[in-house]
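Visitor: Contents of final_38.cif (mmCIF, C-alpha atoms):
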data_model
loop_
_atom_site.label_atom_id
_atom_site.label_comp_id
_atom_site.auth_asym_id
_atom_site.auth_seq_id
_atom_site.Cartn_x
_atom_site.Cartn_y
_atom_site.Cartn_z
CA MET A 1 46.67 13.07 -105.98
CA THR A 2 48.86 12.70 -109.04
CA ARG A 3 51.71 11.17 -107.02
CA VAL A 4 51.18 8.53 -104.35
CA PRO A 5 53.89 8.08 -101.69
CA VAL A 6 54.77 4.48 -100.86
CA LEU A 7 57.16 2.44 -98.75
CA GLU A 8 58.38 -1.06 -99.49
CA ILE A 9 59.88 -2.70 -96.40
CA GLY A 10 62.19 -5.67 -96.76
CA GLY A 11 64.32 -7.65 -94.34
CA THR A 12 67.45 -5.63 -95.19
CA HIS A 13 66.15 -2.42 -96.75
CA VAL A 14 63.36 0.10 -97.06
CA THR A 15 62.47 1.76 -100.37
CA ALA A 16 60.45 4.97 -100.58
CA ALA A 17 59.04 6.37 -103.82
CA LEU A 18 56.36 8.46 -105.42
CA VAL A 19 54.17 6.62 -107.94
CA ASP A 20 52.79 8.79 -110.72
CA THR A 21 49.10 8.12 -111.25
CA ARG A 22 49.31 9.28 -114.87
CA THR A 23 51.99 6.81 -115.93
CA GLY A 24 51.31 4.20 -113.24
CA LEU A 25 55.06 4.01 -112.57
CA PRO A 26 57.44 5.26 -109.86
CA VAL A 27 58.93 8.67 -110.51
CA SER A 28 62.52 7.71 -111.30
CA ASP A 29 64.27 10.47 -109.39
CA SER A 30 62.07 9.98 -106.33
CA VAL A 31 63.19 6.47 -105.41
CA VAL A 32 65.11 6.29 -102.11
CA ARG A 33 66.57 3.01 -100.84
CA ARG A 34 68.12 2.72 -97.40
CA PRO A 35 69.50 -0.21 -95.40
CA VAL A 36 67.56 -1.51 -92.41
CA SER A 37 68.96 -3.61 -89.59
CA ALA A 38 66.16 -6.11 -89.01
CA GLY A 39 67.68 -7.13 -85.67
CA ALA A 40 67.81 -3.59 -84.26
CA GLY A 41 65.53 -2.06 -81.65
CA ALA A 42 62.10 -0.75 -82.56
CA GLU A 43 63.06 2.93 -82.51
CA GLU A 44 66.03 2.42 -84.82
CA ILE A 45 64.00 0.37 -87.30
CA LEU A 46 61.07 2.79 -87.32
CA ASP A 47 63.42 5.76 -87.68
CA SER A 48 64.93 4.02 -90.75
CA PHE A 49 61.47 3.81 -92.30
CA GLY A 50 60.67 7.41 -91.44
CA GLY A 51 64.03 8.68 -92.64
CA ALA A 52 63.49 7.19 -96.10
CA ALA A 53 59.94 8.53 -96.23
CA ARG A 54 60.96 12.06 -95.36
CA ARG A 55 63.29 12.13 -98.38
CA LEU A 56 60.21 12.18 -100.61
CA ALA A 57 58.51 15.36 -101.75
CA ALA A 58 55.21 13.93 -100.57
CA PRO A 59 52.24 16.28 -100.23
CA ASP A 60 50.62 16.84 -96.85
CA ARG A 61 47.53 14.75 -96.17
CA ALA A 62 48.56 12.11 -98.68
CA SER A 63 47.38 8.51 -98.58
CA TRP A 64 50.44 6.28 -98.12
CA GLY A 65 50.80 2.67 -99.19
CA VAL A 66 53.17 0.47 -97.21
CA ALA A 67 54.22 -3.01 -98.33
CA VAL A 68 55.58 -5.05 -95.44
CA PRO A 69 56.37 -8.74 -94.95
CA GLY A 70 54.37 -10.89 -92.58
CA PRO A 71 53.44 -11.91 -90.06
CA PHE A 72 51.67 -8.59 -89.65
CA ASP A 73 48.16 -7.43 -88.75
CA TYR A 74 47.59 -5.44 -91.92
CA ALA A 75 44.18 -4.07 -90.92
CA ALA A 76 45.38 -2.81 -87.53
CA GLY A 77 48.94 -1.95 -88.59
CA ILE A 78 50.51 -4.00 -85.78
CA GLY A 79 53.64 -6.13 -86.09
CA ARG A 80 53.37 -9.85 -85.31
CA PHE A 81 57.03 -10.72 -85.79
CA ARG A 82 57.81 -13.50 -83.36
CA GLY A 83 60.30 -16.31 -83.87
CA ILE A 84 61.14 -15.49 -87.50
CA GLY A 85 64.54 -13.85 -87.06
CA LYS A 86 63.68 -10.34 -88.27
CA PHE A 87 61.88 -7.29 -86.90
CA GLU A 88 61.39 -9.10 -83.58
CA SER A 89 61.45 -5.74 -81.77
CA LEU A 90 58.33 -4.67 -83.70
CA HIS A 91 56.24 -7.54 -82.33
CA GLY A 92 53.13 -6.02 -80.79
CA VAL A 93 54.12 -2.51 -81.89
CA ASP A 94 51.49 -0.26 -83.48
CA VAL A 95 53.58 0.43 -86.57
CA GLY A 96 50.80 2.52 -88.09
CA ALA A 97 50.74 4.92 -85.14
CA GLU A 98 54.54 5.10 -85.08
CA LEU A 99 54.71 5.88 -88.78
CA ARG A 100 52.06 8.58 -88.47
CA ASP A 101 54.48 10.36 -86.13
CA ARG A 102 57.35 9.97 -88.62
CA LEU A 103 55.76 10.50 -92.05
CA PRO A 104 55.11 14.02 -93.40
CA HIS A 105 51.50 14.55 -92.23
CA PRO A 106 49.80 11.49 -93.77
CA ARG A 107 46.05 11.42 -94.24
CA ASP A 108 46.02 7.64 -93.88
CA ILE A 109 48.31 4.62 -94.20
CA SER A 110 47.31 1.38 -95.89
CA PHE A 111 49.39 -1.74 -95.22
CA LEU A 112 49.56 -4.83 -97.41
CA ASN A 113 51.69 -7.92 -97.62
CA ASP A 114 54.84 -7.42 -99.69
CA ALA A 115 54.09 -10.43 -101.93
CA ASP A 116 50.57 -9.09 -102.52
CA ALA A 117 52.06 -5.69 -103.41
CA PHE A 118 54.35 -7.37 -105.93
CA ALA A 119 51.42 -9.27 -107.42
CA VAL A 120 49.14 -6.23 -107.67
CA GLY A 121 51.96 -4.29 -109.32
CA GLU A 122 52.56 -7.09 -111.84
CA TYR A 123 48.82 -7.13 -112.54
CA HIS A 124 48.72 -3.42 -113.31
CA ARG A 125 52.04 -3.04 -115.11
CA GLY A 126 53.68 -6.40 -115.53
CA ALA A 127 53.40 -10.02 -116.56
CA ALA A 128 49.98 -10.58 -114.95
CA ALA A 129 48.37 -7.64 -116.77
CA GLY A 130 44.83 -8.33 -117.90
CA ARG A 131 44.79 -11.89 -116.53
CA ASP A 132 41.70 -13.11 -114.71
CA ARG A 133 43.64 -15.30 -112.28
CA SER A 134 47.34 -15.17 -111.43
CA VAL A 135 49.70 -16.89 -109.04
CA CYS A 136 52.65 -14.67 -108.20
CA ILE A 137 55.69 -16.11 -106.42
CA THR A 138 58.62 -14.23 -104.93
CA LEU A 139 61.89 -16.08 -104.35
CA GLY A 140 64.30 -14.35 -102.02
CA THR A 141 65.25 -15.31 -98.49
CA GLY A 142 62.09 -17.43 -98.47
CA VAL A 143 59.06 -18.06 -100.66
CA GLY A 144 56.38 -15.38 -100.90
CA SER A 145 53.14 -15.80 -102.79
CA SER A 146 49.90 -14.16 -103.82
CA PHE A 147 46.88 -15.71 -105.52
CA LEU A 148 45.07 -12.99 -107.45
CA LYS A 149 41.52 -12.83 -108.79
CA GLY A 150 41.79 -9.79 -111.01
CA ALA A 151 43.80 -7.41 -108.84
CA SER A 152 42.49 -8.72 -105.51
CA PRO A 153 44.45 -11.21 -103.39
CA VAL A 154 42.54 -14.37 -102.48
CA THR A 155 43.43 -15.53 -98.98
CA GLU A 156 40.60 -17.92 -98.13
CA GLY A 157 38.91 -20.95 -99.61
CA PRO A 158 39.82 -24.46 -100.75
CA ALA A 159 41.61 -23.31 -103.91
CA VAL A 160 44.47 -21.55 -102.09
CA PRO A 161 46.91 -22.55 -99.33
CA PRO A 162 46.16 -21.25 -95.81
CA GLY A 163 46.11 -17.47 -95.99
CA GLY A 164 47.05 -17.70 -99.67
CA ARG A 165 50.67 -18.24 -98.56
CA ALA A 166 52.81 -20.85 -100.30
CA HIS A 167 55.30 -21.02 -97.42
CA ARG A 168 52.59 -22.88 -95.47
CA ILE A 169 52.65 -25.75 -97.97
CA ALA A 170 54.40 -28.98 -97.00
CA VAL A 171 56.27 -31.06 -99.57
CA ASP A 172 57.90 -34.45 -99.04
CA GLY A 173 56.91 -34.18 -95.39
CA LEU A 174 58.73 -30.88 -94.85
CA PRO A 175 57.66 -27.22 -94.74
CA LEU A 176 58.27 -25.74 -98.18
CA GLU A 177 60.96 -23.32 -96.99
CA GLU A 178 62.97 -26.26 -95.62
CA VAL A 179 63.34 -27.33 -99.26
CA ILE A 180 63.32 -24.09 -101.26
CA SER A 181 64.73 -20.94 -99.64
CA ARG A 182 68.08 -19.19 -99.64
CA ARG A 183 69.15 -21.19 -96.60
CA ALA A 184 67.87 -24.51 -98.00
CA ILE A 185 69.54 -24.06 -101.40
CA ARG A 186 72.88 -23.22 -99.83
CA ALA A 187 72.65 -26.17 -97.46
CA ARG A 188 71.75 -28.58 -100.25
CA TYR A 189 74.70 -27.45 -102.34
CA ALA A 190 77.08 -27.70 -99.38
CA ARG A 191 75.97 -31.29 -98.75
CA ALA A 192 76.27 -32.24 -102.42
CA ALA A 193 79.72 -30.66 -102.76
CA GLY A 194 80.99 -32.10 -99.48
CA LEU A 195 81.82 -28.70 -98.03
CA ASP A 196 82.94 -28.41 -94.44
CA GLY A 197 79.84 -27.37 -92.50
CA ARG A 198 81.93 -24.87 -90.54
CA ALA A 199 82.75 -22.92 -93.73
CA GLU A 200 80.24 -20.62 -95.38
CA GLY A 201 79.41 -21.94 -98.83
CA PRO A 202 78.48 -19.91 -101.90
CA ASP A 203 75.27 -17.91 -102.04
CA VAL A 204 72.44 -18.68 -104.46
CA GLY A 205 73.72 -16.39 -107.23
CA ALA A 206 77.13 -18.03 -107.10
CA ILE A 207 75.56 -21.51 -107.13
CA ALA A 208 73.61 -20.51 -110.25
CA ALA A 209 76.83 -19.27 -111.88
CA LEU A 210 78.50 -22.60 -111.08
CA ALA A 211 75.56 -24.45 -112.61
CA ARG A 212 76.03 -22.50 -115.86
CA GLU A 213 79.66 -23.64 -115.82
CA ALA A 214 78.47 -27.27 -115.66
CA ASP A 215 79.32 -27.82 -112.00
CA PRO A 216 77.36 -31.04 -111.38
CA HIS A 217 76.63 -30.31 -107.70
CA ALA A 218 75.33 -26.82 -108.48
CA ALA A 219 73.22 -28.04 -111.40
CA ALA A 220 71.73 -30.84 -109.32
CA THR A 221 70.96 -28.39 -106.51
CA ILE A 222 69.14 -25.91 -108.76
CA ILE A 223 67.20 -28.64 -110.57
CA GLY A 224 66.30 -30.47 -107.37
CA CYS A 225 65.12 -27.40 -105.46
CA PHE A 226 63.04 -25.85 -108.22
CA THR A 227 61.44 -29.04 -109.49
CA THR A 228 60.37 -29.61 -105.89
CA LEU A 229 58.89 -26.11 -105.78
CA GLY A 230 56.94 -26.91 -108.94
CA ARG A 231 55.64 -30.17 -107.47
CA ALA A 232 54.51 -28.34 -104.34
CA LEU A 233 52.68 -25.62 -106.27
CA ALA A 234 51.07 -27.85 -108.92
CA PRO A 235 48.05 -29.06 -106.88
CA TRP A 236 47.22 -25.50 -105.86
CA CYS A 237 47.53 -24.31 -109.45
CA ALA A 238 45.17 -27.11 -110.48
CA ALA A 239 42.67 -25.95 -107.84
CA PHE A 240 43.00 -22.18 -108.43
CA ARG A 241 43.23 -22.48 -112.24
CA PRO A 242 45.47 -19.43 -112.90
CA ASP A 243 46.13 -18.08 -116.38
CA VAL A 244 49.73 -17.29 -115.47
CA MET A 245 52.36 -17.85 -112.80
CA VAL A 246 54.69 -14.88 -112.38
CA VAL A 247 57.98 -15.32 -110.56
CA GLY A 248 59.97 -12.49 -109.00
CA GLY A 249 62.50 -11.97 -106.25
CA SER A 250 66.27 -12.11 -106.37
CA MET A 251 66.40 -15.74 -107.50
CA ALA A 252 64.38 -14.95 -110.61
CA ALA A 253 67.52 -13.31 -112.02
CA SER A 254 68.59 -16.90 -112.82
CA TRP A 255 65.44 -17.57 -114.86
CA ASP A 256 67.40 -19.45 -117.52
CA LEU A 257 68.03 -22.12 -114.89
CA ILE A 258 65.04 -22.02 -112.59
CA GLY A 259 62.35 -21.54 -115.26
CA PRO A 260 62.83 -24.97 -116.93
CA ALA A 261 63.23 -26.75 -113.57
CA LEU A 262 60.09 -25.09 -112.21
CA ARG A 263 58.08 -26.01 -115.32
CA SER A 264 59.29 -29.61 -115.09
CA GLY A 265 58.22 -29.81 -111.45
CA LEU A 266 54.82 -28.27 -112.23
CA THR A 267 54.26 -30.89 -114.93
CA THR A 268 55.29 -33.78 -112.67
CA GLY A 269 53.20 -32.47 -109.79
CA ALA A 270 50.16 -31.99 -111.98
CA GLU A 271 50.36 -35.54 -113.26
CA ALA A 272 50.18 -36.74 -109.66
CA ALA A 273 47.46 -34.29 -108.59
CA GLY A 274 44.50 -36.03 -110.16
CA PRO A 275 42.35 -36.00 -113.29
CA GLY A 276 42.44 -32.77 -115.27
CA ALA A 277 45.24 -31.17 -113.27
CA ASP A 278 47.78 -31.73 -116.04
CA THR A 279 45.54 -29.94 -118.55
CA VAL A 280 45.10 -26.92 -116.27
CA VAL A 281 48.81 -26.61 -115.49
CA ALA A 282 49.87 -27.16 -119.11
CA ALA A 283 47.63 -24.25 -120.18
CA MET A 284 49.11 -21.92 -117.54
CA ASP A 285 51.76 -19.47 -118.73
CA LEU A 286 54.97 -19.26 -116.72
CA SER A 287 56.81 -15.94 -116.77
CA PRO A 288 59.49 -14.01 -114.91
CA ALA A 289 58.34 -10.69 -113.50
CA ARG A 290 58.41 -7.80 -115.96
CA ARG A 291 58.82 -5.18 -113.23
CA PRO A 292 60.72 -7.04 -110.49
CA ASP A 293 61.91 -3.85 -108.78
CA ASP A 294 58.93 -1.56 -109.37
CA ALA A 295 56.01 -3.93 -108.88
CA PRO A 296 55.78 -3.72 -105.06
CA LEU A 297 55.83 0.08 -105.23
CA ILE A 298 53.13 0.14 -107.90
CA GLY A 299 51.02 -2.35 -105.97
CA ALA A 300 51.32 -0.34 -102.75
CA ALA A 301 50.17 2.80 -104.55
CA HIS A 302 47.08 1.09 -105.94
CA TRP A 303 46.33 -0.31 -102.52
CA ALA A 304 46.65 3.11 -100.91
CA LEU A 305 43.97 4.51 -103.18
CA GLY A 306 41.74 1.46 -102.86
CA ARG A 307 42.04 0.73 -106.58
CA ARG A 308 41.32 -3.01 -106.65
CA THR A 309 40.15 -2.93 -110.25
CA GLU A 310 39.93 -5.22 -113.23
CA CYS A 311 41.86 -3.13 -115.73
CA GLY A 312 45.35 -3.82 -117.01
CA PRO A 313 48.13 -1.35 -117.71
CA ALA A 314 47.50 1.69 -119.88
CA GLU A 315 44.27 0.18 -121.19
CA THR A 316 42.49 2.15 -123.88
CA ASP A 317 38.81 2.45 -124.59
CA PRO A 318 37.27 1.04 -127.79
CA VAL A 319 37.57 4.31 -129.68
CA GLY A 320 41.22 4.82 -128.72
CA ALA A 321 40.88 7.86 -126.52
CA GLY A 322 44.10 7.02 -124.68
CA PRO A 323 45.05 5.38 -121.41
CA LEU A 324 42.50 5.03 -118.65
CA PRO A 325 43.25 6.94 -115.44
CA PHE A 326 45.25 5.29 -112.67
CA GLY A 327 43.08 2.58 -111.17
CA ALA A 328 40.01 3.32 -113.29
CA HIS A 329 37.51 0.62 -114.25
CA ARG A 330 36.55 -0.31 -117.77
CA GLY A 331 33.64 1.77 -118.91
CA ASP A 332 34.46 4.70 -116.64
CA ARG A 333 34.86 7.08 -119.54
CA PRO A 334 31.94 9.38 -120.25
#
Turn this file's structure into structure tokens for me.
Guide:
Amino acid sequence: MTRVPVLEIGGTHVTAALVDTRTGLPVSDSVVRRPVSAGAGAEEILDSFGGAARRLAAPDRASWGVAVPGPFDYAAGIGRFRGIGKFESLHGVDVGAELRDRLPHPRDISFLNDADAFAVGEYHRGAAAGRDRSVCITLGTGVGSSFLKGASPVTEGPAVPPGGRAHRIAVDGLPLEEVISRRAIRARYARAAGLDGRAEGPDVGAIAALAREADPHAAATIIGCFTTLGRALAPWCAAFRPDVMVVGGSMAASWDLIGPALRSGLTTGAEAAGPGADTVVAAMDLSPARRPDDAPLIGAAHWALGRRTECGPAETDPVGAGPLPFGAHRGDRP
């Protein structure tokens, strides 16, 4: 296939696209984004996914990649959404079987976690390109994460949080998302500013704008939340020893504010993590995502074709014969 059909499923939307294997990028005029009501019934949600997919000019018998948030049984294609406030109607549903009835004659469907899709996409075409080890964080409604060795997510072992998921980390005696999430940031600002709890306070983007205007409550909120995130991640970075941390998600649009606070927290956390941790964290690059919108689509396409390789984007061979094929290994050229 020269074009791989993919779906990226979020809590409020579904995006469908074709990823060109020659360029490694989504075909610009193929991208379809539709709203999804995460609280709707299973049929309505699944029809939203299928409706976006059928807008693509996907070939019959194509391998589809689908990036979807957890909790989800990615191998079996079954939803495990229980008690998380979204997609509850898909709990226990064989999403793979349902999509096979709605997609245009798929050959197979490969599911992966949406944060892993983002990370794999950033590895192949973004800020993690060519890095041996990467930690990729997504900051949206909550905190998503992926710990990559090459282009493969690491989900087990003492060097990563349980399942490789940062939201399972505790900090200051609280689950991480009680401290750093859309809900937590808004609540912290409301407390600092003395807002009436019955009134809806500003969203994260507006809080960031207020911080740029020297609002002391907004500035303290941003600094406090993101230094805490850095402190929480520092011991895991010291254990995993990444070359780079890549940050994406809607909050990364305020990188001018969150980048310095995150780096400060990483430094403080490393100093408390034990001997050598500060050296490891100091050597780690910190970067916003280069392809914040495209990365999950690119990652899903690589996953669909089973291309968990060690090559970066548009890599050339030693004699300059041009880019390697989509997903090819070093040394594959004749």
Visitor: Taking all atoms listed in the file into account, which of A:Met251, A:Ala75, A:Leu7, A:Ala57 comes nearest A:Gly140?
Guide: A:Met251
Visitor: Running the PyMOL selection byres ((chain A and resi 291) around 10) on this model by hand, what would come out? Give it as number ranges by chain.
Guide: A: 25, 118, 121-122, 125-127, 248, 288-290, 292-296, 298
Visitor: Those same residues - C-alpha atoms - I'd like them written as a short mmCIF file (atom, residue, chain, number, x, y, z; two decimals), keeping the file's coordinate frame.
Guide:
data_model
loop_
_atom_site.label_atom_id
_atom_site.label_comp_id
_atom_site.auth_asym_id
_atom_site.auth_seq_id
_atom_site.Cartn_x
_atom_site.Cartn_y
_atom_site.Cartn_z
CA LEU A 25 55.06 4.01 -112.57
CA PHE A 118 54.35 -7.37 -105.93
CA GLY A 121 51.96 -4.29 -109.32
CA GLU A 122 52.56 -7.09 -111.84
CA ARG A 125 52.04 -3.04 -115.11
CA GLY A 126 53.68 -6.40 -115.53
CA ALA A 127 53.40 -10.02 -116.56
CA GLY A 248 59.97 -12.49 -109.00
CA PRO A 288 59.49 -14.01 -114.91
CA ALA A 289 58.34 -10.69 -113.50
CA ARG A 290 58.41 -7.80 -115.96
CA PRO A 292 60.72 -7.04 -110.49
CA ASP A 293 61.91 -3.85 -108.78
CA ASP A 294 58.93 -1.56 -109.37
CA ALA A 295 56.01 -3.93 -108.88
CA PRO A 296 55.78 -3.72 -105.06
CA ILE A 298 53.13 0.14 -107.90
#
Visitor: Could you tell me which residues the PyMOL selection byres ((chain A and resi 163-169) around 8) returns for this structure, as a VMD selection string?
Guide: chain A and resid 142 to 147 153 to 156 160 to 162 170 to 171 175 to 177 232 to 233
Visitor: Can you pull out every residue within 7 Å of A:Ser287, counting all atoms listed in the file, but drop anything in the same chain fewer than 3 positions away, and send it as a VMD selection string?
Guide: chain A and resid 127 245 to 247
Visitor: For the residues in the current selection, export C-alpha atoms as a PDB file, in the frame of the given file.
Guide:
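What follows is the written file part_37.pdb:
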ATOM      1  CA  ALA A 127      53.400 -10.020-116.560  1.00  0.00           C
ATOM      2  CA  MET A 245      52.360 -17.850-112.800  1.00  0.00           C
ATOM      3  CA  VAL A 246      54.690 -14.880-112.380  1.00  0.00           C
ATOM      4  CA  VAL A 247      57.980 -15.320-110.560  1.00  0.00           C
TER       5      VAL A 247
END
Visitor: Determine the residue membership of the PyMOL selection byres ((chain A and resi 230) around 7) for the file above and supply it as number ranges by chain.
Guide: A: 226-229, 231-234, 262-263, 265-266, 269
Visitor: Rounded to one decimal, what separation in Å do you get between atom CA of A:Arg82 and atom CA of A:Val95?
Guide: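 Between atom CA of A:Arg82 and atom CA of A:Val95 the gap is 14.9 Å.
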Visitor: Measuring between all atoms listed in the file, which one of A:Pro104, A:Gly249, A:Pro235, A:Gly11 shows the shortest distance to A:Pro158?
Guide: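 Distance minimum relative to A:Pro158 lands on A:Pro235.
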Visitor: For A:Ala52, please output as a PyMOL selection string all residues within 8 Å (counting all atoms listed in the file; exclusion window: fewer than 4 positions along the same chain).
Guide: chain A and resi 14-16+32-34+48+56
Visitor: Write out as JSON, numbers by chain each polymer residue whose atoms come within 12 Å of stretch 185-189 of chain A, counting all atoms listed in the file; drop sequence neighbours fewer than 3 positions from it.
Guide: {"A": [139, 140, 141, 142, 176, 177, 178, 179, 180, 181, 182, 192, 193, 194, 195, 196, 197, 198, 199, 200, 201, 202, 203, 204, 205, 206, 207, 208, 210, 211, 215, 216, 217, 218, 219, 220, 221, 222, 223, 224, 225, 226, 228, 229, 251]}
Visitor: Create the file for the chosen residues now, containing C-alpha atoms and written as an mmCIF file, in the frame of the given file.
Guide:
data_model
loop_
_atom_site.group_PDB
_atom_site.id
_atom_site.type_symbol
_atom_site.label_atom_id
_atom_site.label_comp_id
_atom_site.auth_asym_id
_atom_site.auth_seq_id
_atom_site.Cartn_x
_atom_site.Cartn_y
_atom_site.Cartn_z
ATOM 1 C CA LEU A 139 61.890 -16.080 -104.350
ATOM 2 C CA GLY A 140 64.300 -14.350 -102.020
ATOM 3 C CA THR A 141 65.250 -15.310 -98.490
ATOM 4 C CA GLY A 142 62.090 -17.430 -98.470
ATOM 5 C CA LEU A 176 58.270 -25.740 -98.180
ATOM 6 C CA GLU A 177 60.960 -23.320 -96.990
ATOM 7 C CA GLU A 178 62.970 -26.260 -95.620
ATOM 8 C CA VAL A 179 63.340 -27.330 -99.260
ATOM 9 C CA ILE A 180 63.320 -24.090 -101.260
ATOM 10 C CA SER A 181 64.730 -20.940 -99.640
ATOM 11 C CA ARG A 182 68.080 -19.190 -99.640
ATOM 12 C CA ALA A 192 76.270 -32.240 -102.420
ATOM 13 C CA ALA A 193 79.720 -30.660 -102.760
ATOM 14 C CA GLY A 194 80.990 -32.100 -99.480
ATOM 15 C CA LEU A 195 81.820 -28.700 -98.030
ATOM 16 C CA ASP A 196 82.940 -28.410 -94.440
ATOM 17 C CA GLY A 197 79.840 -27.370 -92.500
ATOM 18 C CA ARG A 198 81.930 -24.870 -90.540
ATOM 19 C CA ALA A 199 82.750 -22.920 -93.730
ATOM 20 C CA GLU A 200 80.240 -20.620 -95.380
ATOM 21 C CA GLY A 201 79.410 -21.940 -98.830
ATOM 22 C CA PRO A 202 78.480 -19.910 -101.900
ATOM 23 C CA ASP A 203 75.270 -17.910 -102.040
ATOM 24 C CA VAL A 204 72.440 -18.680 -104.460
ATOM 25 C CA GLY A 205 73.720 -16.390 -107.230
ATOM 26 C CA ALA A 206 77.130 -18.030 -107.100
ATOM 27 C CA ILE A 207 75.560 -21.510 -107.130
ATOM 28 C CA ALA A 208 73.610 -20.510 -110.250
ATOM 29 C CA LEU A 210 78.500 -22.600 -111.080
ATOM 30 C CA ALA A 211 75.560 -24.450 -112.610
ATOM 31 C CA ASP A 215 79.320 -27.820 -112.000
ATOM 32 C CA PRO A 216 77.360 -31.040 -111.380
ATOM 33 C CA HIS A 217 76.630 -30.310 -107.700
ATOM 34 C CA ALA A 218 75.330 -26.820 -108.480
ATOM 35 C CA ALA A 219 73.220 -28.040 -111.400
ATOM 36 C CA ALA A 220 71.730 -30.840 -109.320
ATOM 37 C CA THR A 221 70.960 -28.390 -106.510
ATOM 38 C CA ILE A 222 69.140 -25.910 -108.760
ATOM 39 C CA ILE A 223 67.200 -28.640 -110.570
ATOM 40 C CA GLY A 224 66.300 -30.470 -107.370
ATOM 41 C CA CYS A 225 65.120 -27.400 -105.460
ATOM 42 C CA PHE A 226 63.040 -25.850 -108.220
ATOM 43 C CA THR A 228 60.370 -29.610 -105.890
ATOM 44 C CA LEU A 229 58.890 -26.110 -105.780
ATOM 45 C CA MET A 251 66.400 -15.740 -107.500
#
Visitor: What is the atom CA of A:Pro69-atom CA of A:Arg102 distance in Å, reported with one decimal?
Guide: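 So the answer is 19.8 Å.
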Visitor: So the first atom is atom CA of A:Gly157 and the second is atom CA of A:Lys86; what is the distance between them in Å, to one decimal place?
Guide: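 It comes out at 29.2 Å.
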Visitor: Write out as a list in words each polymer residue whose atoms come within 12 Å of A:Gly39, counting all atoms listed in the file; drop sequence neighbours fewer than 6 positions from it.
Guide: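 Residues near the query, excluding close chain neighbours: Gly11, Thr12, Ile45, Phe81, Arg82, Gly83, Ile84, Gly85, Lys86, Phe87, Glu88, Ser89, Leu90 and His91 of chain A.
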Visitor: Taking into account all atoms listed in the file, which residue in the set A:Pro260, A:Ala62, A:Asn113, A:Phe240 is nearest to A:Leu148?
Guide: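 That would be A:Phe240, the residue with the smallest distance to A:Leu148.
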Visitor: Select, counting all atoms listed in the file, all protein, DNA and RNA residues no farther than 6 Å from (52.6, -29.9, -117.1) in file coordinates, and express the selection as a PyMOL selection string.
Guide: chain A and resi 266-267+278+281-282
Visitor: Go through A:Ala300, A:Ala238, A:Ala129, A:Val68 and flag the residue nearest A:Ala273, using only C-alpha atoms for the distances.
Guide: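 With only C-alpha atoms as the atom set, the closest residue is A:Ala238.
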Visitor: Smallest atom-to-atom distance to A:Ile137: which of A:Leu286, A:Ala97, A:Leu18, A:Ala270, using all atoms listed in the file?
Guide: A:Leu286
Visitor: Do a neighbour search on A:Ile109 at 7 Å with all atoms listed in the file, toss out local chain neighbours closer than 4 positions, and write the hits as a list in words.
Guide: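 So the residues in contact are Ser63, Trp64, Gly65 and Gly96 of chain A.
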Visitor: I need the residue nearest A:Trp255 from this list: A:Leu103, A:Val36, A:Ala53, A:Ala209. Use only C-alpha atoms for the distance.
Guide: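 Looking only at the distances to A:Trp255, the closest residue turns out to be A:Ala209.
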